[in-house]
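Worksheet: one structure, shown below.
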Amino acid sequence: MLGRPKFVLASGSPRRVSLLNQAGIEPDALRPADVDETPKRGELPRACANRLARAKAEAALKSVQLDDELRGAFILAADTVVAVGRRIMPKAELVDEASQCLRLLSGRNHRVYTSICLVTPKEGFRQRLVETRVRFKRLSEDDISTYIGSGEWRGKAGGYAIQGIAGSFVVKLVGSYTSVVGLPLYETTALLGGEGFPIRFGWLNAS
């Protein structure tokens, strides 16, 4: 795409690509970072999200530096952490993990932290953290077992995907819906625009 700087998303997440597309931004390349996402002992949810987003951005930068086509691109990385109090929920891969997450979230408030980390063409790092409060309805055993059967929870922080069936569990949300999906669009476009990326470039062709 001519007329604007290159843009790399340090993620292979279809949700994050879709959110960027919603804002009229088409990544030139995806560079998912292979980063160990295990929280450190005693690490707080905010710190964990910030650390992992930065680590993903750094890994993607190393990859981009080796690519003549992409060198000097804007690079965006993100990490989403779901927490109840200080307790970080896993990115559920097993049925038991997802069931435990949903039972813990049932009928109570939790927080979703998404950290975004932008690498500028001059290799400066800019970071933002977005906190959203979410309250789930009280989930019955039928709700939990049938949702587990849907498979939508797999690989998702906290064992649910708000943009799917689990959206019907949400009683209240205070903050950024797109952040809970995986990429806070307002903060992302503000960060990009503030660093000189032409965020409106794709708007005229969006339809």
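Following the order of the structure tokens, first chain is A, next is B, and so on, with residues numbered from 1 inside each chain and ligands from 1 in the order they appear.
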* **Contacts of Leu118 (chain A) within 12 Å, only C-alpha atoms, excl. fewer than 4 positions in-chain, as a VMD selection string** => chain A and resid 7 to 10 50 53 to 58 60 to 61 73 to 78 122 to 129 187 to 195 197
* DSSP strand (DSSP E) residues within region 57-171 of chain A, listed as an NGL selection string -> :A and (74-84 or 87-88 or 91-92 or 109-119 or 125-136 or 156-157 or 170-171)
Would you mind listing what lies within 8 Å of Glu152 (chain A) as an mmCIF file with N, CA, C and O atoms, in the first residue's frame, with only C-alpha atoms counted and same-chain residues fewer than 2 positions away left out?
```
data_model
loop_
_atom_site.group_PDB
_atom_site.id
_atom_site.type_symbol
_atom_site.label_atom_id
_atom_site.label_comp_id
_atom_site.auth_asym_id
_atom_site.auth_seq_id
_atom_site.Cartn_x
_atom_site.Cartn_y
_atom_site.Cartn_z
ATOM 1 N N TYR A 147 -21.494 -23.608 27.369
ATOM 2 C CA TYR A 147 -20.501 -22.675 26.821
ATOM 3 C C TYR A 147 -19.176 -23.395 26.572
ATOM 4 O O TYR A 147 -18.528 -23.182 25.551
ATOM 5 N N ILE A 148 -18.806 -24.262 27.504
ATOM 6 C CA ILE A 148 -17.581 -25.056 27.309
ATOM 7 C C ILE A 148 -17.701 -25.867 26.015
ATOM 8 O O ILE A 148 -16.754 -25.970 25.234
ATOM 9 N N SER A 150 -19.179 -25.069 23.371
ATOM 10 C CA SER A 150 -19.089 -24.210 22.177
ATOM 11 C C SER A 150 -17.649 -24.078 21.679
ATOM 12 O O SER A 150 -17.417 -23.782 20.509
ATOM 13 N N ARG A 154 -11.531 -21.303 24.095
ATOM 14 C CA ARG A 154 -10.177 -21.874 23.972
ATOM 15 C C ARG A 154 -9.141 -20.807 23.611
ATOM 16 O O ARG A 154 -9.301 -20.068 22.647
ATOM 17 N N TYR A 160 -13.091 -16.843 28.252
ATOM 18 C CA TYR A 160 -14.283 -16.410 27.507
ATOM 19 C C TYR A 160 -13.903 -15.406 26.429
ATOM 20 O O TYR A 160 -12.869 -14.744 26.508
ATOM 21 N N ALA A 161 -14.781 -15.316 25.418
ATOM 22 C CA ALA A 161 -14.627 -14.330 24.344
ATOM 23 C C ALA A 161 -15.869 -13.443 24.350
ATOM 24 O O ALA A 161 -16.964 -13.905 24.025
ATOM 25 N N GLY A 164 -18.385 -13.114 21.423
ATOM 26 C CA GLY A 164 -19.204 -14.266 21.058
ATOM 27 C C GLY A 164 -20.350 -14.448 22.039
ATOM 28 O O GLY A 164 -20.923 -13.485 22.558
ATOM 29 N N ILE A 165 -20.658 -15.706 22.313
ATOM 30 C CA ILE A 165 -21.776 -16.058 23.188
ATOM 31 C C ILE A 165 -21.644 -15.405 24.559
ATOM 32 O O ILE A 165 -22.627 -14.964 25.159
#
```
* **Atom pair CA of Ser168 (chain A) / CA of Asp142 (chain A): separation (Å)** =>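 So the two atoms, CA of Ser168 (chain A) and CA of Asp142 (chain A), lie 14.2 Å apart.
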* Asked: What lies within 9 Å of region 96-106 of chain A using only C-alpha atoms, ignoring chain neighbours under 3 positions off, as a list in words?
  ->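 Here the answer would be Val84, Met89, Pro90, Lys91, Ala92, Glu93, Asn109, His110, Arg135, Phe136, Lys137, Arg138, Leu139, Ser140, Glu141, Ile144, Ser145, Ile148, Trp153, Arg154, Lys156, Gly158, Gly159, Tyr160 and Phe169 of chain A.
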* Asked: Nearest to Arg31 (chain A) among A:Ala83, A:Val64, A:Ile88, A:Leu185, with distances taken over only C-alpha atoms: which residue is it?
  ->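 Checking each of A:Ala83, A:Val64, A:Ile88, A:Leu185 against Arg31 (chain A), counting only C-alpha atoms, the winner is A:Val64.
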